[in-house]
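Engineer: This is the structure I want to talk about, given as structure tokens.
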Amino acid sequence: MLRQRLAVLLEPQGSSHWSGRLVDWLLILLIAANVVAVILESVSWFAAEHRQALLWFERVSVLIFTLEYGLRIWCAPDTHAEQQDLPPLSPGKARWRYLRSPMALVDLIAIVPFYLSVFFSLDLRFLRVLRLLRVFKLTRYSAAMQMLLGVFREEAGPLGAAFFVLFILMILASSGIYLIEHQIQPEAFGSIPAAMWWAMATLTTVGYGDVTPITPLGRFFGGCITLVGMGMVALPAGILASGFSDQLHRRRQEYQQALSEALEDGHMSHSEASELEELRQELGLSESQVTLLQQKWQRRQHRCSCPHCGAELP
């Protein structure tokens with residue numbers, strides 16, 4: 001069926017077939033070329049000299065991205081059917097599910113600026129910034145970026161709590177420095193909202209230096225806020241690092257489970273090897289990581305155990 005074949009070609013990472021990988025790489029090159037074109041368009045002499053070529057490149061790119069977006073909507077039922085962990089849906093519900101997905105919104109953002117410029121007169125600098133958002137389409141073809149998005153989704157609660165605490169500390173810091181410094185430096189700390197810039201720069205340990213306390217108590221308070229900020233900045237980083245480690249561990253376990261099932265009969269067929277390779281690409285594991293997992297599985301299979309108690313023997 002034509003729709004099923006297109007779904008295989010457009011599925012992230014394609015399939016083990018060369019045509020799927022070719023479509024992925026062509027779209028990746030087109031996205032990268034669009035980002036480069038938008039950057040070069042900000043150079044006045046280059047934009048004036050190649051205006052017509054840039055315009056036609058933009059039109060062709062939008063046409064291809066629009067076609068891709070439409071085909072993904074059309075193929076959504078077959079794409080959904082490939083995901084075995086999801087319940088079956090009607091074609092309409094499957095397409096609506098795709099339209100609400102983050103990647104569909106990224107695909108829509110990639111083409112919306114062009115159509116906005118056709119129907120409305122907008123600032124070209126604003127449209128140029130929106131066109132740069134096409135770089136997020138690369139997320140579809142990057143296992144590392146998909147892992148990052150997965151970490152953000154799973155750790156949304158702890159990250160939200162960490163940023164909420166950081167926001168409370170910013171309020172307290174700006175209020176404290178306002179009470180200490182507003183009479184000495186009314187132009188810098190004349191109000192709590194004005195002091196929030198200093199509080200944010202201090203809590204994030206940026207320290208731009210344009211606004212600093214000058215009283216001894218203000219400097220002591222600023223030092224305390226800096227120390228607290230160092231710990232608060234490390235908190236989201238620790239959450240993300242832990243999430244990355246957990247994601248990688250689960251992906252390795254998933255591959256290890258698939259490897260054990262494929263070698264359960266002591267022999268790996270060509271189809272099983274192809275499925276493992278496709279799973280490796282989908283999980284974003286390198287060949288060296290997979291080799292280590294295979295060696296670990298082989299060592300585990302060759303271990304001897306006591307026939308009486310079942311304990312492993314050296």
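Please note that chains go A, B, ... in the order of the structure tokens, that every chain numbers its residues from 1, and that ligands are numbered from 1 in the order shown.
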Per DSSP on the backbone, what are the alpha helix (DSSP H) residues of region 103-175 of chain A, as a PyMOL selection string?
Structural biologist: chain A and resi 103-119+124-131+143-154+156-175
Engineer: Any idea what's packed within 10 Å of region 24-32 of chain A, counting only C-alpha atoms, ignoring anything in its chain fewer than 2 positions away? Could you give it as JSON, numbers by chain?
Structural biologist: {"A": [9, 10, 11, 12, 13, 14, 15, 18, 19, 20, 21, 22, 34, 35, 36, 37, 61, 64, 65, 68, 110, 132, 134, 135, 136, 137, 138, 139, 140, 141, 142]}
Engineer: Between CA of Ile39 (chain A) and CA of Leu149 (chain A), what is the distance in Å, rounded to a tenth?
Structural biologist: 25.5 Å
Engineer: Could you pull the residues within 8 Å of region 166-175 of chain A, counting only C-alpha atoms, minus those fewer than 2 positions along the same chain, as a PyMOL selection string?
Structural biologist: chain A and resi 162-164+177-179+192-193+195-196+198-200+203+225+232
Engineer: Between A:His182, A:Met147, A:Leu259, A:Ser90, which one has atoms that come closest to Ser245 (chain A), using only C-alpha atoms?
Structural biologist: A:Met147
Engineer: Give me, as a PyMOL selection string, all polymer residues having an atom no more than 12 Å from Gln253 (chain A), counting only C-alpha atoms and skipping those fewer than 5 positions away in the same chain.
Structural biologist: chain A and resi 246-248+258-260+280+283+285+289-290+293-294+296-297
Engineer: Got time to write the residues from that selection, C-alpha atoms, as a short mmCIF file (atom, residue, chain, number, x, y, z; two decimals), in the first residue's frame?
Structural biologist:
```
data_model
loop_
_atom_site.label_atom_id
_atom_site.label_comp_id
_atom_site.auth_asym_id
_atom_site.auth_seq_id
_atom_site.Cartn_x
_atom_site.Cartn_y
_atom_site.Cartn_z
CA ASP A 246 18.68 6.72 33.60
CA GLN A 247 17.59 7.04 29.96
CA LEU A 248 20.86 5.55 28.69
CA ALA A 258 16.19 -7.81 22.56
CA LEU A 259 19.65 -9.37 22.17
CA SER A 260 18.82 -12.10 24.69
CA ARG A 280 20.36 0.20 17.83
CA LEU A 283 17.94 3.92 20.63
CA LEU A 285 23.53 3.42 20.78
CA GLN A 289 28.35 0.20 23.11
CA VAL A 290 26.52 -2.60 21.34
CA LEU A 293 26.70 -5.40 25.51
CA GLN A 294 27.15 -8.42 23.27
CA LYS A 296 28.75 -8.97 28.37
CA TRP A 297 25.92 -11.26 27.28
#
```
Engineer: Within 12 Å of Leu292 (chain A), counting only C-alpha atoms, which residues show up once you throw out same-chain ones fewer than 5 positions away? Write them as a PyMOL selection string, please.
Structural biologist: chain A and resi 252+255-256+285-287+297-299
Engineer: Generate a file of the selected residues that holds C-alpha atoms, formatted as a PDB file, in the first residue's frame.
Structural biologist:
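In the end it all went to part-v7.pdb:
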```
ATOM      1  CA  ARG A 252      20.928  -0.420  27.091  1.00  0.00           C
ATOM      2  CA  TYR A 255      18.778  -3.601  23.675  1.00  0.00           C
ATOM      3  CA  GLN A 256      20.132  -6.260  26.050  1.00  0.00           C
ATOM      4  CA  LEU A 285      23.527   3.420  20.782  1.00  0.00           C
ATOM      5  CA  SER A 286      26.960   3.396  19.203  1.00  0.00           C
ATOM      6  CA  GLU A 287      28.482   0.262  17.694  1.00  0.00           C
ATOM      7  CA  TRP A 297      25.921 -11.257  27.282  1.00  0.00           C
ATOM      8  CA  GLN A 298      28.395 -13.871  25.998  1.00  0.00           C
ATOM      9  CA  ARG A 299      30.393 -13.830  29.251  1.00  0.00           C
TER      10      ARG A 299
END
```
Engineer: Which residues, written as an NGL selection string, have at least one atom at most 9 Å from Ala76 (chain A), with only C-alpha atoms counted and residues fewer than 3 positions away on the same chain left out?
Structural biologist: :A and (7 or 71-73 or 79-81 or 91 or 94-98)
